[in-house]
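See below for the structure under consideration.
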Amino acid sequence: MVESNVKVRAHSPGRYPILVVELASGELRTLYYESGYDLESSKPVEESWLKENAIGRHSFIEVPRSPEMSVSTLRDYVRRELLEGS
């Protein structure tokens, strides 16, 4: 998978955040803390799953204006923005 820039659309709360990211192609994917947010280990999801299941049932937090960032910086983003001060 060659995609290198993503936008974080939502994340799970807690110590090991799961990210839902939007690829440049518009596809949504879940990325996992345990895999180091590796795009190769991600799973595709639909917009409806994000809204109804992740945000609606599992308390994911929507990120409305996420800047575009490189996949390689996602771990730093999580440490800086989601885990700092936890």
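Going through the structure tokens in order, the chains are called A, B, and so on, while each chain numbers its residues from 1 and the ligands are numbered from 1 in the order shown.
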
Name the residues of region 4-84 of chain A that come out as strand (DSSP E) in a backbone DSSP run; write them as a list in words.
Asn5, Val6, Lys7, Val8, Arg9, Ala10, His11, Leu19, Val20, Val21, Glu22, Leu23, Leu28, Arg29, Thr30, Leu31, Lys43, Pro44, Val45, Ile61, Glu62, Glu68, Met69 and Ser70 of chain A

At a cut-off of 12 Å, using only C-alpha atoms, what residues contact Val8 (chain A)? Leave out same-chain residues fewer than 4 positions from it and give the result as a PyMOL selection string.
chain A and resi 12+17-24+26-31+37+50+60-71+73-75+77-78+81-82

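Separating CA of Glu84 (chain A) from CA of Ser72 (chain A) is a distance of 18.7 Å.
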
Coordinates-based distance that separates CA of Lys7 (chain A) from CA of Glu34 (chain A) (Å, one decimal):
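Going from CA of Glu34 (chain A) over to CA of Lys7 (chain A) covers 19.5 Å.
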
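Nearest to Tyr32 (chain A) of all the residues A:Arg57, A:Val6, A:Glu52, A:His11 is A:His11, counting only C-alpha atoms.
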
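Comparing the minimum interatomic distances between Val45 (chain A) and each of A:Gly14, A:Ser4, A:Arg79, A:Arg9, counting only C-alpha atoms, we find that A:Arg9 sits nearest.
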